$ cat final_33.cif   # mmCIF, C-alpha atoms
data_work
loop_
_atom_site.label_atom_id
_atom_site.label_comp_id
_atom_site.auth_asym_id
_atom_site.auth_seq_id
_atom_site.Cartn_x
_atom_site.Cartn_y
_atom_site.Cartn_z
CA MET A 1 13.68 98.61 -86.17
CA ASP A 2 15.92 96.19 -88.09
CA LEU A 3 18.00 93.66 -86.20
CA ILE A 4 21.73 94.22 -86.44
CA PRO A 5 23.63 91.46 -88.25
CA SER A 6 25.03 89.79 -85.13
CA PHE A 7 21.50 89.33 -83.78
CA SER A 8 20.37 87.87 -87.09
CA VAL A 9 22.50 84.73 -86.77
CA ASP A 10 20.71 81.71 -85.32
CA HIS A 11 22.46 81.39 -81.96
CA THR A 12 20.94 77.96 -81.34
CA LYS A 13 23.26 76.59 -84.06
CA ILE A 14 26.54 78.39 -83.32
CA ILE A 15 29.40 76.23 -82.08
CA PRO A 16 32.74 77.45 -80.71
CA GLY A 17 34.96 78.75 -83.47
CA ILE A 18 36.32 81.72 -85.41
CA PHE A 19 33.75 83.42 -87.62
CA THR A 20 33.52 86.52 -89.77
CA SER A 21 30.80 88.63 -88.20
CA ARG A 22 30.94 91.58 -90.59
CA VAL A 23 33.14 93.39 -93.09
CA ASP A 24 32.97 97.18 -93.28
CA LYS A 25 34.45 99.87 -95.48
CA VAL A 26 36.00 102.52 -93.26
CA GLY A 27 37.64 105.50 -94.87
CA GLY A 28 39.77 104.11 -97.67
CA GLY A 29 40.14 100.68 -96.14
CA ILE A 30 38.31 97.62 -94.90
CA VAL A 31 37.93 96.34 -91.35
CA THR A 32 36.61 92.94 -90.37
CA THR A 33 34.88 92.01 -87.15
CA TYR A 34 35.40 88.41 -86.08
CA ASP A 35 33.24 86.44 -83.67
CA ILE A 36 35.60 84.37 -81.51
CA ARG A 37 33.12 82.01 -79.86
CA LEU A 38 34.47 80.07 -76.87
CA THR A 39 31.26 78.43 -75.72
CA ARG A 40 28.06 77.29 -77.37
CA PRO A 41 25.38 79.96 -76.80
CA ASN A 42 22.38 78.91 -74.72
CA ALA A 43 23.75 75.36 -74.41
CA GLU A 44 26.83 75.87 -72.22
CA PRO A 45 27.21 78.20 -69.26
CA ALA A 46 28.51 81.68 -70.04
CA ILE A 47 32.16 82.33 -69.22
CA ASP A 48 32.84 83.42 -65.66
CA VAL A 49 32.83 87.24 -65.60
CA ALA A 50 36.15 87.61 -63.77
CA ALA A 51 37.81 85.04 -66.06
CA MET A 52 36.39 86.84 -69.12
CA HIS A 53 37.84 90.11 -67.83
CA SER A 54 41.24 88.47 -67.34
CA LEU A 55 41.12 86.90 -70.81
CA GLU A 56 40.31 90.32 -72.24
CA HIS A 57 43.46 91.80 -70.67
CA LEU A 58 45.70 88.82 -71.45
CA ILE A 59 44.68 88.30 -75.08
CA ALA A 60 44.53 92.03 -75.88
CA THR A 61 48.06 92.41 -74.55
CA PHE A 62 49.26 89.43 -76.57
CA LEU A 63 47.62 90.63 -79.79
CA ARG A 64 48.85 94.20 -79.49
CA ASN A 65 52.40 92.98 -78.91
CA ASP A 66 52.58 90.35 -81.63
CA PRO A 67 55.24 91.63 -84.06
CA ASP A 68 53.43 90.37 -87.17
CA TRP A 69 49.92 91.46 -86.19
CA LYS A 70 50.10 94.41 -83.80
CA ASP A 71 49.56 96.99 -86.55
CA GLU A 72 46.48 95.12 -87.80
CA ILE A 73 44.68 94.94 -84.43
CA ILE A 74 41.92 97.49 -83.88
CA TYR A 75 39.96 95.96 -81.01
CA TRP A 76 39.66 92.89 -78.78
CA GLY A 77 36.79 92.75 -76.31
CA PRO A 78 34.18 90.52 -74.72
CA MET A 79 30.68 89.85 -75.98
CA GLY A 80 27.95 90.99 -73.64
CA CYS A 81 26.55 87.45 -73.54
CA LEU A 82 29.91 86.19 -72.19
CA THR A 83 30.21 83.39 -74.75
CA GLY A 84 33.14 84.87 -76.67
CA PHE A 85 35.00 87.89 -77.92
CA TYR A 86 35.01 90.27 -80.85
CA LEU A 87 38.25 90.87 -82.70
CA ILE A 88 38.41 93.73 -85.19
CA LEU A 89 41.27 93.72 -87.68
CA LYS A 90 42.31 95.88 -90.60
CA GLY A 91 41.67 94.14 -93.90
CA ASP A 92 39.47 91.23 -94.89
CA ARG A 93 40.81 87.78 -94.13
CA HIS A 94 39.09 84.43 -93.91
CA PRO A 95 38.83 83.14 -90.32
CA LYS A 96 41.32 80.35 -91.19
CA ASP A 97 43.89 83.08 -91.83
CA ILE A 98 43.80 84.19 -88.19
CA TYR A 99 43.59 80.69 -86.72
CA ASP A 100 47.32 80.46 -85.89
CA LEU A 101 47.32 83.92 -84.29
CA LEU A 102 44.39 83.07 -82.05
CA LEU A 103 45.72 79.63 -81.18
CA ARG A 104 49.02 81.20 -80.10
CA ALA A 105 47.17 83.90 -78.15
CA PHE A 106 45.07 81.44 -76.19
CA LYS A 107 48.03 79.12 -75.61
CA SER A 108 50.07 82.04 -74.26
CA VAL A 109 47.66 82.42 -71.34
CA LYS A 110 49.00 79.27 -69.67
CA ASP A 111 52.34 81.00 -69.02
CA ALA A 112 50.84 84.15 -67.47
CA GLU A 113 51.89 84.80 -63.91
CA SER A 114 49.68 87.86 -63.57
CA VAL A 115 47.03 89.78 -65.48
CA PRO A 116 48.49 92.79 -67.32
CA GLY A 117 46.95 96.12 -66.33
CA ALA A 118 45.11 94.69 -63.32
CA THR A 119 45.74 97.68 -61.07
CA ALA A 120 43.49 100.47 -59.85
CA LYS A 121 45.45 102.89 -62.04
CA ASN A 122 45.07 100.80 -65.24
CA CYS A 123 41.68 99.08 -64.97
CA GLY A 124 38.12 100.16 -64.24
CA TYR A 125 37.46 97.18 -61.96
CA TYR A 126 40.88 95.76 -61.16
CA LEU A 127 39.56 93.53 -58.38
CA MET A 128 37.42 91.51 -60.82
CA HIS A 129 39.97 89.10 -62.29
CA ASN A 130 40.42 85.36 -62.11
CA LEU A 131 43.69 84.25 -63.68
CA GLU A 132 43.30 80.56 -62.88
CA MET A 133 39.85 80.34 -64.49
CA ALA A 134 41.13 82.38 -67.45
CA LYS A 135 43.87 79.79 -67.90
CA TRP A 136 41.29 77.01 -67.79
CA TYR A 137 39.05 78.63 -70.44
CA ALA A 138 42.05 79.49 -72.64
CA ALA A 139 43.41 75.94 -72.51
CA ARG A 140 39.97 74.52 -73.20
CA PHE A 141 39.51 76.74 -76.26
CA ALA A 142 43.05 76.12 -77.56
CA ASP A 143 42.53 72.36 -77.24
CA TYR A 144 39.19 72.69 -79.03
CA LEU A 145 40.74 74.69 -81.87
CA GLU A 146 43.53 72.15 -82.30
CA SER A 147 41.24 69.14 -82.27
CA ASN A 148 38.83 70.80 -84.72
CA SER A 149 41.31 72.53 -87.06
CA GLY A 150 40.13 70.41 -89.99
CA ASN A 151 36.45 71.04 -89.31
CA PRO A 152 35.15 73.77 -91.66
CA GLU A 153 32.19 74.38 -89.31
CA ILE A 154 34.45 76.21 -86.84
CA PHE A 155 35.15 78.84 -89.52
CA GLU A 156 31.67 79.41 -91.00
CA TYR A 157 28.53 80.58 -89.26
CA PRO A 158 25.88 77.87 -89.44
CA LYS A 159 23.44 78.25 -92.28
CA THR A 160 19.76 78.46 -91.54
CA ASP A 161 16.57 79.07 -93.43
CA ARG A 162 15.64 82.69 -93.83
CA LEU A 163 12.99 83.33 -91.28
CA ILE A 164 10.53 86.18 -91.07
CA THR A 165 8.91 86.75 -87.70
CA ASP A 166 5.21 87.52 -87.32
CA ASP A 167 6.05 91.21 -87.02
CA GLY A 168 8.11 91.16 -90.24
CA GLN A 169 11.67 91.07 -88.89
CA HIS A 170 14.10 89.17 -91.09
CA PHE A 171 16.62 86.65 -89.83
CA TYR A 172 19.33 85.91 -92.39
CA ASP A 173 21.83 83.13 -92.77
CA SER A 174 25.28 84.58 -92.56
#
$ encode --input "final_33.cif" --output "structure tokens"
Amino acid sequence: MDLIPSFSVDHTKIIPGIFTSRVDKVGGGIVTTYDIRLTRPNAEPAIDVAAMHSLEHLIATFLRNDPDWKDEIIYWGPMGCLTGFYLILKGDRHPKDIYDLLLRAFKSVKDAESVPGATAKNCGYYLMHNLEMAKWYAARFADYLESNSGNPEIFEYPKTDRLITDDGQHFYDS
């Protein structure tokens, strides 16, 4: 069985950033999946589960209410490895084109007084939230984005040699 594209990126070389994961034709349009990587895979601890859950609610709410972007947002959700999020948008933009949106989204977390939708009626596990840790991770990522805005490596997956495993599976540079 072939590896899916997101498993074909060398995770030992990924740094935090905003990356294009894939671009797909859907119906008559294009949608792009972005890898919003908050921590360095396998080198930093994964994000606290409750904080990740709170960030999911907070950032999704921000994105779906942004007047300039709300109609472009298809999905915002956590990666299973807890090192970042996936953002799916209509269209095909370079990661630099969504930098300001994401910086504003992560900066907005600092002003949150509660987690939107964190009730038994609105959430599948409403008790699993940690607003204070979510604020810490959001501030850390926003600071990182600002201090690295001129670094092209935070917008492009790292390149690697094309590897073929002993059983014939291909790993591609992105």
$ atom_distance --input "final_33.cif" --atom1 "CA of Asp143 (chain A)" --atom2 "CA of Asp71 (chain A)"
27.3 Å
$ resolve_selection --input "final_33.cif" --expression "the PyMOL selection byres ((chain A and resi 118) around 10)" --output "ChimeraX atom specification"
/A:53-54,57,114-117,119-129
$ resolve_selection --input "final_33.cif" --expression "the PyMOL selection byres ((chain A and resi 95) around 6)" --output "MDAnalysis selection string"
chainID A and resid 18:19 94 96:98 155
$ write_last_selection --input "final_33.cif" --atoms "C-alpha atoms" --output "PDB file, in the frame of the given file"
ATOM      1  CA  ILE A  18      36.320  81.720 -85.410  1.00  0.00           C
ATOM      2  CA  PHE A  19      33.750  83.420 -87.620  1.00  0.00           C
ATOM      3  CA  HIS A  94      39.090  84.430 -93.910  1.00  0.00           C
ATOM      4  CA  LYS A  96      41.320  80.350 -91.190  1.00  0.00           C
ATOM      5  CA  ASP A  97      43.890  83.080 -91.830  1.00  0.00           C
ATOM      6  CA  ILE A  98      43.800  84.190 -88.190  1.00  0.00           C
ATOM      7  CA  PHE A 155      35.150  78.840 -89.520  1.00  0.00           C
TER       8      PHE A 155
END
$ residues_around --input "final_33.cif" --residues "Val23 (chain A)" --least-positions-apart "3" --cutoff "10 Å" --atoms "all atoms listed in the file" --output "PyMOL selection string"
chain A and resi 20+26+30-34+88-93
$ atom_distance --input "final_33.cif" --atom1 "CA of Glu156 (chain A)" --atom2 "CA of Met52 (chain A)"
23.6 Å
$ residues_near_point --input "final_33.cif" --point "(26.1, 71.9, -84.2)" --cutoff "7 Å" --atoms "only C-alpha atoms" --output "PyMOL selection string"
chain A and resi 13-15
$ resolve_selection --input "final_33.cif" --expression "the PyMOL selection byres ((chain A and resi 43) around 10)" --output "NGL selection string"
:A and (11-15 or 39-42 or 44-46)
$ atom_distance --input "final_33.cif" --atom1 "CA of Ile59 (chain A)" --atom2 "CA of Phe106 (chain A)"
7.0 Å
$ residues_around --input "final_33.cif" --residues "Arg140 (chain A)" --least-positions-apart "3" --cutoff "10 Å" --atoms "all atoms listed in the file" --output "PyMOL selection string"
chain A and resi 38-39+106-107+134-137+143-145
$ closest_residue --input "final_33.cif" --among "A:Phe85, A:Tyr99, A:Tyr157, A:Trp69" --to "Leu55 (chain A)" --atoms "only C-alpha atoms"
A:Phe85
$ residues_around --input "final_33.cif" --residues "Tyr86 (chain A)" --least-positions-apart "4" --cutoff "8 Å" --atoms "only C-alpha atoms" --output "PyMOL selection string"
chain A and resi 33-36+75-79
$ closest_residue --input "final_33.cif" --among "A:Pro67, A:Leu87, A:Leu58, A:Arg37" --to "Ala112 (chain A)" --atoms "only C-alpha atoms"
A:Leu58
$ axis_aligned_box --input "final_33.cif" --around "region 142-148 of chain A" --padding-each-side "8 Å" --output "lines of an AutoDock Vina configuration file"
center_x = 41.2
center_y = 72.6
center_z = -81.0
size_x = 20.7
size_y = 23.0
size_z = 23.5
$ decode --input "final_33.cif" --residues "region 98-134 of chain A" --atoms "N, CA, C and O atoms" --output "CSV table (one decimal), in the first residue's frame"
chain,number,residue,atom,x,y,z
A,98,ILE,N,-1.4,33.2,3.8
A,98,ILE,CA,-2.2,33.0,5.0
A,98,ILE,C,-1.5,33.3,6.3
A,98,ILE,O,-2.1,33.1,7.4
A,99,TYR,N,-0.3,33.8,6.2
A,99,TYR,CA,0.5,34.1,7.4
A,99,TYR,C,-0.2,35.1,8.3
A,99,TYR,O,-0.3,34.8,9.5
A,100,ASP,N,-0.7,36.2,7.8
A,100,ASP,CA,-1.3,37.2,8.6
A,100,ASP,C,-2.6,36.7,9.2
A,100,ASP,O,-2.8,37.0,10.4
A,101,LEU,N,-3.4,35.9,8.5
A,101,LEU,CA,-4.6,35.3,9.1
A,101,LEU,C,-4.2,34.4,10.3
A,101,LEU,O,-4.8,34.6,11.4
A,102,LEU,N,-3.2,33.6,10.1
A,102,LEU,CA,-2.9,32.7,11.2
A,102,LEU,C,-2.2,33.4,12.4
A,102,LEU,O,-2.5,33.1,13.5
A,103,LEU,N,-1.4,34.4,12.1
A,103,LEU,CA,-0.8,35.2,13.2
A,103,LEU,C,-1.9,35.9,14.0
A,103,LEU,O,-1.9,35.8,15.2
A,104,ARG,N,-2.9,36.5,13.3
A,104,ARG,CA,-4.0,37.1,14.0
A,104,ARG,C,-4.8,36.1,14.8
A,104,ARG,O,-5.2,36.4,16.0
A,105,ALA,N,-5.0,34.9,14.2
A,105,ALA,CA,-5.8,33.9,14.9
A,105,ALA,C,-5.1,33.4,16.2
A,105,ALA,O,-5.7,33.3,17.3
A,106,PHE,N,-3.8,33.2,16.1
A,106,PHE,CA,-3.1,32.7,17.3
A,106,PHE,C,-2.9,33.8,18.3
A,106,PHE,O,-3.0,33.6,19.6
A,107,LYS,N,-2.8,35.1,17.9
A,107,LYS,CA,-2.7,36.2,18.8
A,107,LYS,C,-4.0,36.4,19.5
A,107,LYS,O,-4.1,36.9,20.7
A,108,SER,N,-5.1,36.1,18.8
A,108,SER,CA,-6.5,36.3,19.4
A,108,SER,C,-6.7,35.5,20.7
A,108,SER,O,-7.5,35.8,21.5
A,109,VAL,N,-6.0,34.4,20.8
A,109,VAL,CA,-6.2,33.4,21.9
A,109,VAL,C,-5.9,34.1,23.2
A,109,VAL,O,-6.5,33.8,24.2
A,110,LYS,N,-5.0,35.0,23.3
A,110,LYS,CA,-4.6,35.7,24.5
A,110,LYS,C,-5.7,36.4,25.2
A,110,LYS,O,-5.7,36.6,26.4
A,111,ASP,N,-6.7,36.9,24.4
A,111,ASP,CA,-7.8,37.6,24.9
A,111,ASP,C,-9.0,36.8,25.3
A,111,ASP,O,-10.0,37.3,25.8
A,112,ALA,N,-8.9,35.5,25.1
A,112,ALA,CA,-10.0,34.6,25.4
A,112,ALA,C,-10.3,34.5,26.9
A,112,ALA,O,-9.3,34.3,27.6
A,113,GLU,N,-11.5,34.6,27.3
A,113,GLU,CA,-11.9,34.4,28.7
A,113,GLU,C,-12.5,33.0,28.9
A,113,GLU,O,-12.6,32.6,30.0
A,114,SER,N,-12.9,32.4,27.8
A,114,SER,CA,-13.4,31.0,27.9
A,114,SER,C,-13.2,30.4,26.5
A,114,SER,O,-12.9,31.0,25.6
A,115,VAL,N,-13.5,29.1,26.5
A,115,VAL,CA,-13.3,28.3,25.3
A,115,VAL,C,-14.7,28.2,24.6
A,115,VAL,O,-15.7,27.7,25.3
A,116,PRO,N,-14.9,28.7,23.4
A,116,PRO,CA,-16.2,28.6,22.8
A,116,PRO,C,-16.7,27.2,22.6
A,116,PRO,O,-15.9,26.3,22.2
A,117,GLY,N,-17.9,26.9,22.8
A,117,GLY,CA,-18.5,25.6,22.6
A,117,GLY,C,-18.0,24.5,23.6
A,117,GLY,O,-18.2,23.3,23.4
A,118,ALA,N,-17.5,24.9,24.7
A,118,ALA,CA,-17.0,24.0,25.7
A,118,ALA,C,-18.1,23.6,26.7
A,118,ALA,O,-18.0,23.8,27.9
A,119,THR,N,-19.2,23.1,26.2
A,119,THR,CA,-20.3,22.7,27.1
A,119,THR,C,-20.7,21.2,26.6
A,119,THR,O,-20.4,20.8,25.5
A,120,ALA,N,-21.4,20.6,27.5
A,120,ALA,CA,-21.8,19.2,27.2
A,120,ALA,C,-22.7,19.2,26.0
A,120,ALA,O,-22.7,18.2,25.2
A,121,LYS,N,-23.5,20.2,25.8
A,121,LYS,CA,-24.4,20.3,24.6
A,121,LYS,C,-23.6,20.5,23.3
A,121,LYS,O,-24.0,20.0,22.2
A,122,ASN,N,-22.4,21.2,23.3
A,122,ASN,CA,-21.7,21.6,22.1
A,122,ASN,C,-20.5,20.8,21.8
A,122,ASN,O,-19.9,21.0,20.7
A,123,CYS,N,-20.0,20.0,22.8
A,123,CYS,CA,-18.7,19.4,22.6
A,123,CYS,C,-18.7,17.9,23.0
A,123,CYS,O,-19.3,17.6,24.1
A,124,GLY,N,-18.0,17.1,22.3
A,124,GLY,CA,-18.0,15.7,22.6
A,124,GLY,C,-17.2,15.3,23.9
A,124,GLY,O,-17.4,14.2,24.5
A,125,TYR,N,-16.3,16.1,24.4
A,125,TYR,CA,-15.6,15.9,25.6
A,125,TYR,C,-15.3,17.3,26.2
A,125,TYR,O,-14.2,17.7,26.3
A,126,TYR,N,-16.4,18.0,26.7
A,126,TYR,CA,-16.3,19.3,27.1
A,126,TYR,C,-15.4,19.5,28.3
A,126,TYR,O,-15.0,20.6,28.6
A,127,LEU,N,-15.1,18.5,29.1
A,127,LEU,CA,-14.3,18.6,30.3
A,127,LEU,C,-12.8,18.6,30.0
A,127,LEU,O,-12.0,18.9,30.8
A,128,MET,N,-12.5,18.3,28.7
A,128,MET,CA,-11.1,18.2,28.4
A,128,MET,C,-10.6,19.5,27.6
A,128,MET,O,-10.5,19.5,26.4
A,129,HIS,N,-10.4,20.5,28.4
A,129,HIS,CA,-10.0,21.8,27.9
A,129,HIS,C,-9.0,22.4,28.9
A,129,HIS,O,-9.1,22.1,30.1
A,130,ASN,N,-8.0,23.2,28.3
A,130,ASN,CA,-7.1,23.8,29.2
A,130,ASN,C,-6.8,25.2,28.5
A,130,ASN,O,-5.9,25.3,27.7
A,131,LEU,N,-7.5,26.2,28.9
A,131,LEU,CA,-7.4,27.5,28.3
A,131,LEU,C,-6.1,28.1,28.6
A,131,LEU,O,-5.4,28.7,27.7
A,132,GLU,N,-5.5,28.0,29.8
A,132,GLU,CA,-4.3,28.7,30.1
A,132,GLU,C,-3.1,28.1,29.3
A,132,GLU,O,-2.3,28.8,28.8
A,133,MET,N,-3.1,26.7,29.1
A,133,MET,CA,-2.0,26.1,28.3
A,133,MET,C,-2.3,26.5,26.8
A,133,MET,O,-1.3,26.7,26.1
A,134,ALA,N,-3.5,26.6,26.4
A,134,ALA,CA,-3.8,27.0,25.0
A,134,ALA,C,-3.2,28.4,24.8
A,134,ALA,O,-2.6,28.6,23.7
